[in-house]
file target-v3.txt (compact mmCIF, C-alpha atoms and all ligand atoms)
# COMPACT_ATOMS: atom_id res chain seq x y z
CA MET Q 1 -23.37 -0.64 0.44
CA SER Q 2 -20.24 0.28 2.26
CA THR Q 3 -17.81 -2.58 2.59
CA ALA Q 4 -14.55 -2.74 4.54
CA ALA Q 5 -12.64 -1.96 1.34
CA ARG Q 6 -14.77 1.08 0.56
CA LYS Q 7 -14.53 2.42 4.10
CA ARG Q 8 -10.77 2.07 3.99
CA LEU Q 9 -10.62 3.88 0.64
CA ILE Q 10 -12.64 6.77 2.07
CA ARG Q 11 -10.11 7.00 4.91
CA ASP Q 12 -7.25 6.87 2.40
CA PHE Q 13 -8.83 9.76 0.52
CA LYS Q 14 -9.33 11.81 3.68
CA ARG Q 15 -5.73 11.26 4.65
CA LEU Q 16 -4.53 12.32 1.20
CA GLN Q 17 -6.45 15.56 1.57
CA GLN Q 18 -5.47 16.29 5.16
CA ASP Q 19 -1.86 15.24 4.89
CA PRO Q 20 -0.95 15.38 1.19
CA PRO Q 21 2.39 13.76 0.37
CA GLU Q 22 4.71 15.82 -1.79
CA GLY Q 23 4.61 15.27 -5.52
CA VAL Q 24 1.69 12.85 -5.72
CA ASN Q 25 -2.06 13.23 -5.89
CA ALA Q 26 -5.01 10.91 -6.33
CA SER Q 27 -8.76 10.80 -6.17
CA PRO Q 28 -11.46 8.21 -6.76
CA GLN Q 29 -13.61 8.46 -9.84
CA ALA Q 30 -16.85 10.26 -9.09
CA GLU Q 31 -19.04 7.25 -9.86
CA ASN Q 32 -16.78 4.49 -8.53
CA ILE Q 33 -14.64 4.65 -5.42
CA MET Q 34 -12.90 1.38 -6.43
CA THR Q 35 -11.18 3.08 -9.37
CA TRP Q 36 -8.81 5.98 -8.79
CA ASN Q 37 -6.90 8.36 -10.99
CA ALA Q 38 -3.50 9.44 -9.74
CA ILE Q 39 -0.69 11.76 -10.72
CA ILE Q 40 2.98 11.45 -9.82
CA PHE Q 41 5.37 14.32 -10.40
CA GLY Q 42 8.96 13.45 -11.20
CA PRO Q 43 11.16 13.78 -8.09
CA ASP Q 44 12.97 17.13 -7.81
CA GLU Q 45 16.65 17.32 -8.68
CA THR Q 46 16.58 14.07 -10.65
CA ILE Q 47 16.37 13.52 -14.39
CA TRP Q 48 12.65 12.95 -13.76
CA ASP Q 49 12.17 16.49 -12.44
CA GLY Q 50 9.29 18.21 -14.23
CA GLY Q 51 7.61 15.01 -15.40
CA VAL Q 52 3.86 14.65 -14.94
CA PHE Q 53 2.80 11.01 -14.97
CA LYS Q 54 -0.75 9.71 -14.83
CA LEU Q 55 -1.77 6.43 -13.28
CA SER Q 56 -4.87 4.38 -12.69
CA MET Q 57 -5.50 2.34 -9.56
CA GLU Q 58 -8.00 -0.53 -9.45
CA PHE Q 59 -8.99 -1.75 -6.01
CA SER Q 60 -10.81 -4.98 -5.25
CA GLU Q 61 -13.13 -5.78 -2.39
CA ASP Q 62 -10.13 -7.54 -0.79
CA TYR Q 63 -8.31 -4.25 -0.28
CA PRO Q 64 -6.31 -3.64 1.90
CA ASN Q 65 -5.52 -7.35 2.17
CA LYS Q 66 -4.75 -7.33 -1.53
CA ALA Q 67 -2.75 -4.72 -3.40
CA PRO Q 68 -4.55 -2.63 -6.04
CA VAL Q 69 -3.64 -2.96 -9.71
CA VAL Q 70 -1.65 0.18 -10.48
CA LYS Q 71 -0.71 1.18 -14.02
CA PHE Q 72 0.87 4.19 -15.63
CA ARG Q 73 -1.31 5.77 -18.28
CA THR Q 74 1.55 7.95 -19.43
CA GLN Q 75 4.19 6.33 -21.64
CA LEU Q 76 7.29 5.77 -19.52
CA PHE Q 77 10.85 4.71 -20.26
CA HIS Q 78 11.96 2.97 -17.09
CA PRO Q 79 13.63 -0.37 -16.26
CA ASN Q 80 10.74 -1.51 -14.04
CA ILE Q 81 7.76 -0.34 -16.07
CA TYR Q 82 6.23 -2.47 -18.82
CA ALA Q 83 5.13 -1.10 -22.17
CA ASP Q 84 1.48 -1.31 -21.08
CA GLY Q 85 2.19 0.79 -17.99
CA ALA Q 86 2.24 -2.09 -15.49
CA ILE Q 87 4.75 -1.61 -12.68
CA CYS Q 88 7.22 -4.15 -11.39
CA LEU Q 89 7.48 -3.16 -7.72
CA ASP Q 90 7.79 -5.57 -4.82
CA ILE Q 91 5.26 -3.86 -2.56
CA LEU Q 92 2.62 -4.20 -5.26
CA GLN Q 93 3.37 -7.90 -5.54
CA ASN Q 94 4.85 -10.25 -2.95
CA GLN Q 95 5.84 -7.59 -0.42
CA TRP Q 96 2.39 -6.08 -0.11
CA SER Q 97 1.16 -5.34 3.41
CA PRO Q 98 -2.33 -4.21 4.47
CA ILE Q 99 -0.82 -1.25 6.33
CA TYR Q 100 -0.05 0.47 3.02
CA ASP Q 101 -2.46 3.05 1.74
CA VAL Q 102 -2.80 5.13 -1.42
CA SER Q 103 -0.23 7.67 -0.17
CA ALA Q 104 2.32 4.97 0.62
CA ILE Q 105 1.82 3.26 -2.76
CA LEU Q 106 2.24 6.46 -4.75
CA THR Q 107 5.28 7.69 -2.82
CA SER Q 108 6.91 4.26 -3.30
CA ILE Q 109 6.28 4.44 -7.05
CA GLN Q 110 7.63 7.98 -7.10
CA SER Q 111 10.89 6.89 -5.50
CA LEU Q 112 11.11 3.93 -7.89
CA LEU Q 113 11.31 6.43 -10.77
CA SER Q 114 14.69 7.81 -9.73
CA ASP Q 115 15.83 4.64 -8.01
CA PRO Q 116 15.13 1.75 -10.40
CA ASN Q 117 15.88 -1.87 -9.66
CA PRO Q 118 17.79 -3.14 -12.75
CA ASN Q 119 17.69 -6.71 -11.39
CA SER Q 120 14.01 -7.13 -12.22
CA PRO Q 121 13.69 -5.53 -15.62
CA ALA Q 122 10.29 -4.97 -17.18
CA ASN Q 123 11.77 -2.92 -20.01
CA SER Q 124 14.98 -4.66 -21.06
CA GLU Q 125 16.21 -1.78 -23.19
CA ALA Q 126 15.79 0.73 -20.37
CA ALA Q 127 17.51 -1.69 -17.98
CA ARG Q 128 20.40 -2.24 -20.40
CA LEU Q 129 20.94 1.48 -20.97
CA TYR Q 130 20.67 2.16 -17.24
CA ASN Q 131 23.46 -0.32 -16.60
CA GLU Q 132 25.66 0.23 -19.64
CA ASP Q 133 25.07 3.69 -21.06
CA ARG Q 134 23.79 6.05 -18.38
CA LYS Q 135 24.23 9.07 -20.61
CA GLU Q 136 21.89 7.71 -23.27
CA TYR Q 137 19.51 6.48 -20.55
CA ASN Q 138 19.32 9.99 -19.09
CA ARG Q 139 18.72 11.45 -22.53
CA ARG Q 140 15.84 9.04 -23.21
CA VAL Q 141 14.28 9.77 -19.81
CA LYS Q 142 14.53 13.52 -20.26
CA ALA Q 143 12.91 13.32 -23.70
CA MET Q 144 10.09 11.33 -22.17
CA VAL Q 145 9.71 13.82 -19.31
CA GLU Q 146 9.25 16.57 -21.88
CA ALA Q 147 6.74 14.46 -23.78
CA SER Q 148 4.75 14.01 -20.55
CA TRP Q 149 3.85 17.72 -20.62
CA ALA Q 150 2.41 17.46 -24.12
CA ASP Q 151 0.45 14.40 -23.03
CA ASP Q 152 -1.52 16.49 -20.58
CA GLY Q 153 -5.25 16.40 -21.12
CA GLU Q 154 -5.56 13.73 -23.77
CA ASP Q 155 -5.21 10.61 -21.68
CA GLU Q 156 -8.37 9.04 -23.07
CA ASP Q 157 -6.99 8.93 -26.61
CA ALA Q 158 -4.89 5.83 -26.19
CA GLU Q 159 -6.16 4.32 -29.44
CA GLU Q 160 -5.02 7.26 -31.50
CA GLU Q 161 -1.55 7.03 -30.01
CA GLU Q 162 -1.24 3.44 -31.08
CA GLU Q 163 -2.15 4.22 -34.65
CA ALA Q 164 0.38 7.02 -34.93
CA MET K 1 -7.04 -22.38 8.85
CA THR K 2 -8.43 -21.52 12.25
CA PHE K 3 -7.08 -19.48 15.12
CA GLU K 4 -7.77 -20.35 18.67
CA VAL K 5 -8.27 -17.03 20.28
CA ARG K 6 -10.56 -16.86 23.22
CA ILE K 7 -12.15 -13.46 22.97
CA LYS K 8 -12.92 -13.49 26.71
CA LYS K 9 -9.28 -13.07 27.52
CA TRP K 10 -9.03 -9.83 25.65
CA HIS K 11 -11.51 -7.83 27.69
CA ALA K 12 -8.78 -7.18 30.22
CA VAL K 13 -6.50 -5.97 27.46
CA ALA K 14 -8.90 -3.20 26.61
CA SER K 15 -8.03 -1.41 29.84
CA TRP K 16 -4.36 -1.21 28.97
CA THR K 17 -2.81 1.97 27.81
CA TRP K 18 -2.07 1.66 24.13
CA ASN K 19 1.56 0.93 23.53
CA ALA K 20 1.31 0.17 19.85
CA GLY K 21 2.78 3.59 19.06
CA ASP K 22 -0.46 4.68 17.48
CA ASP K 23 -4.04 4.36 18.56
CA VAL K 24 -5.24 3.57 15.08
CA CYS K 25 -5.37 0.07 13.62
CA GLY K 26 -2.83 -0.02 10.80
CA ILE K 27 -5.03 -2.20 8.63
CA CYS K 28 -8.43 -0.47 8.67
CA ARG K 29 -7.09 2.91 9.95
CA MET K 30 -9.95 3.13 12.42
CA PRO K 31 -9.25 4.01 16.07
CA PHE K 32 -8.83 1.09 18.43
CA ASP K 33 -11.64 2.40 20.61
CA GLY K 34 -13.97 2.52 17.60
CA CYS K 35 -15.44 -0.12 15.36
CA PRO K 36 -13.44 -2.06 12.82
CA PRO K 37 -15.15 -2.02 9.43
CA ASP K 38 -17.35 -5.02 10.13
CA GLY K 39 -17.99 -4.30 13.80
CA LYS K 40 -21.31 -2.94 14.88
CA TYR K 41 -20.46 -1.87 18.41
CA PRO K 42 -17.29 -0.34 19.80
CA GLY K 43 -15.59 -2.25 22.59
CA ASP K 44 -16.75 -5.80 22.97
CA ASP K 45 -17.26 -6.43 19.31
CA SER K 46 -13.87 -5.10 18.21
CA PRO K 47 -11.19 -6.58 20.44
CA VAL K 48 -7.63 -5.40 19.98
CA VAL K 49 -4.93 -8.06 19.85
CA TRP K 50 -1.17 -7.95 20.05
CA GLY K 51 1.41 -10.05 18.33
CA ILE K 52 4.53 -11.18 20.18
CA CYS K 53 6.28 -8.50 18.11
CA THR K 54 4.17 -5.95 20.10
CA HIS K 55 2.21 -4.71 17.10
CA ALA K 56 -1.52 -4.37 17.63
CA PHE K 57 -4.54 -4.68 15.35
CA HIS K 58 -8.25 -5.30 15.59
CA LEU K 59 -8.79 -9.03 15.91
CA GLN K 60 -11.01 -9.06 12.81
CA CYS K 61 -8.50 -7.08 10.79
CA ILE K 62 -5.45 -9.23 11.57
CA ASN K 63 -7.46 -12.44 11.15
CA ARG K 64 -8.69 -11.41 7.73
CA TRP K 65 -5.12 -10.59 6.70
CA LEU K 66 -3.69 -13.87 7.99
CA GLN K 67 -6.45 -15.87 6.33
CA SER K 68 -5.61 -14.28 2.98
CA GLN K 69 -1.95 -15.29 3.27
CA THR K 70 -0.03 -18.52 3.15
CA GLU K 71 2.70 -17.12 5.37
CA GLN K 72 1.59 -15.69 8.69
CA LYS K 73 3.46 -12.43 8.97
CA CYS K 74 2.94 -9.22 10.92
CA PRO K 75 1.88 -6.44 8.50
CA PHE K 76 4.24 -3.97 10.21
CA CYS K 77 7.50 -5.84 10.80
CA ARG K 78 6.96 -8.98 8.65
CA ARG K 79 8.02 -11.20 11.50
CA GLN K 80 6.17 -14.45 12.04
CA TRP K 81 2.82 -13.51 13.58
CA GLU K 82 1.91 -15.11 16.87
CA PHE K 83 -0.76 -13.86 19.18
CA LYS K 84 0.65 -12.55 22.41
CA GLN K 85 -0.91 -13.88 25.57
CA ALA K 86 -2.93 -11.33 27.48
CA VAL K 87 -1.35 -10.63 30.85
CA VAL K 88 -3.49 -8.50 33.11
CA GLY K 89 -1.46 -5.70 34.64
CA GLY K 90 1.80 -7.14 33.35
CA GLU K 91 4.11 -5.37 30.97
CA ASP K 92 6.28 -8.21 29.80
CA GLU K 93 5.07 -11.40 28.29
CA SER K 94 5.03 -14.29 30.72
CA GLU K 95 4.59 -17.20 28.42
CA ASP K 96 3.44 -20.44 29.88
CA GLY K 97 6.20 -22.82 29.07
CA ALA K 98 6.69 -23.36 25.38
CA GLY K 99 9.40 -21.10 24.05
CA THR K 100 9.98 -20.28 20.44
ZN ZN L 1 -8.67 -2.60 12.22
ZN ZN L 2 5.05 -6.79 14.12

call {"tool": "encode", "arguments": {"input": "target-v3.txt", "output": "structure tokens", "more": "lines below"}}
Ligand SMILES: [Zn+2]
Ligand SMILES: [Zn+2]
result
Amino acid sequence: MSTAARKRLIRDFKRLQQDPPEGVNASPQAENIMTWNAIIFGPDETIWDGGVFKLSMEFSEDYPNKAPVVKFRTQLFHPNIYADGAICLDILQNQWSPIYDVSAILTSIQSLLSDPNPNSPANSEAARLYNEDRKEYNRRVKAMVEASWADDGEDEDAEEEEEA
Amino acid sequence: MTFEVRIKKWHAVASWTWNAGDDVCGICRMPFDGCPPDGKYPGDDSPVVWGICTHAFHLQCINRWLQSQTEQKCPFCRRQWEFKQAVVGGEDESEDGAGT
């Protein structure tokens, strides 16, 4: 059955293919259009440059009247990203609007990477270093960007990572 | 929460030229002259409505958004959403009395 949410997601996907935004990509899972996999590349000419970050997006039947649940599946060191990958971003919470689509969500998250909001910290250590020791903050981010290359291709092995 | 919108009034609106800046509904991304997601027939079944902020949506689409929210805000500009009165042939709103 094709619901309003599913129809909108098909249009989102078409728009992503016809008019792909720079540095982000996403597609629904083959068997379930309500769950998407996405990739965000670190913005050029920032300390995030070269990073490859994977995300998952879970849509409900209330989309686009309700924001999807978006999580990073790559480990990230960032003031507004929780340890479990959840993202603290206003447009995914109280500033959501039904005019946003997958492209808009991903480009907003991409710009959050290089432009964090230290007033709503989700990772207090990252927020503290961002405010007080930018040099160390940059070093930690760059190390994580490098680690994101190695992460490529083994995203399903989350359990193993936890044991290590 | 209910909205008193008399659909009859909006038939005249359909003959306007679109001045919403885009001829696609921002919520469902379907063209205004096509069906919104739940509409079966183009035209009569999918009226287009304007807010006083001049932003336009399918009636079904904006209603579903407003019903899901406690605050009634335009999805585009976040101003308080109020349905604009349909004025046949007019360009400016000629509100009957009650100001804001
Ligand atoms: Zn619509
Ligand atoms: Zn508006």

call {"tool": "residues_near_point", "arguments": {"input": "target-v3.txt", "point": "(2.7, -0.1, -15.9)", "cutoff": "9 Å", "atoms": "only C-alpha atoms", "output": "list of chain:residue names"}}
result
Q:Leu55, Q:Val70, Q:Lys71, Q:Phe72, Q:Arg73, Q:Thr74, Q:Gln75, Q:Leu76, Q:Asn80, Q:Ile81, Q:Tyr82, Q:Ala83, Q:Asp84, Q:Gly85, Q:Ala86, Q:Ile87, Q:Cys88

call {"tool": "closest_residue", "arguments": {"input": "target-v3.txt", "among": "K:Leu66, K:Cys53, K:Ile27, K:Cys61", "to": "chain Q", "atoms": "all atoms listed in the file"}}
result
K:Ile27

call {"tool": "atom_distance", "arguments": {"input": "target-v3.txt", "atom1": "CA of Glu31 in chain Q", "atom2": "CA of Met30 in chain K"}}
result
24.4 Å

call {"tool": "axis_aligned_box", "arguments": {"input": "target-v3.txt", "around": "range 85-104 of chain Q", "padding_each_side": "3 Å", "output": "AutoDock Vina command-line options"}}
result
--center_x 2.5 --center_y -1.3 --center_z -5.8 --size_x 16.6 --size_y 23.9 --size_z 30.3

call {"tool": "interface_residues", "arguments": {"input": "target-v3.txt", "of": "chain K", "to": "chain Q", "cutoff": "8 Å", "atoms": "all atoms listed in the file", "output": "list in words"}}
result
Gly26, Ile27, Cys28, Arg29, Pro37, Asp38, Arg64, Trp65, Ser68, Pro75 and Phe76 of chain K

call {"tool": "write_last_selection", "arguments": {"input": "target-v3.txt", "atoms": "C-alpha atoms", "output": "compact mmCIF listing (two decimals), keeping the file's coordinate frame"}}
result
# COMPACT_ATOMS: atom_id res chain seq x y z
CA GLY K 26 -2.83 -0.02 10.80
CA ILE K 27 -5.03 -2.20 8.63
CA CYS K 28 -8.43 -0.47 8.67
CA ARG K 29 -7.09 2.91 9.95
CA PRO K 37 -15.15 -2.02 9.43
CA ASP K 38 -17.35 -5.02 10.13
CA ARG K 64 -8.69 -11.41 7.73
CA TRP K 65 -5.12 -10.59 6.70
CA SER K 68 -5.61 -14.28 2.98
CA PRO K 75 1.88 -6.44 8.50
CA PHE K 76 4.24 -3.97 10.21

call {"tool": "residues_around", "arguments": {"input": "target-v3.txt", "residues": "Tyr137 in chain Q", "least_positions_apart": "4", "cutoff": "12 Å", "atoms": "all atoms listed in the file", "output": "count of residues only"}}
result
19

call {"tool": "residues_near_ligand", "arguments": {"input": "target-v3.txt", "ligand": "ligand ZN 2 (chain L)", "cutoff": "9 Å", "atoms": "all atoms listed in the file", "output": "list in words"}}
result
Trp50, Gly51, Ile52, Cys53, Thr54, His55, Ala56, Lys73, Cys74, Pro75, Phe76, Cys77, Arg78, Arg79, Gln80 and Trp81 of chain K

call {"tool": "atom_distance", "arguments": {"input": "target-v3.txt", "atom1": "CA of Gln67 in chain K", "atom2": "CA of Thr107 in chain Q"}}
result
27.9 Å

call {"tool": "atom_distance", "arguments": {"input": "target-v3.txt", "atom1": "CA of Lys135 in chain Q", "atom2": "CA of Pro116 in chain Q"}}
result
15.5 Å
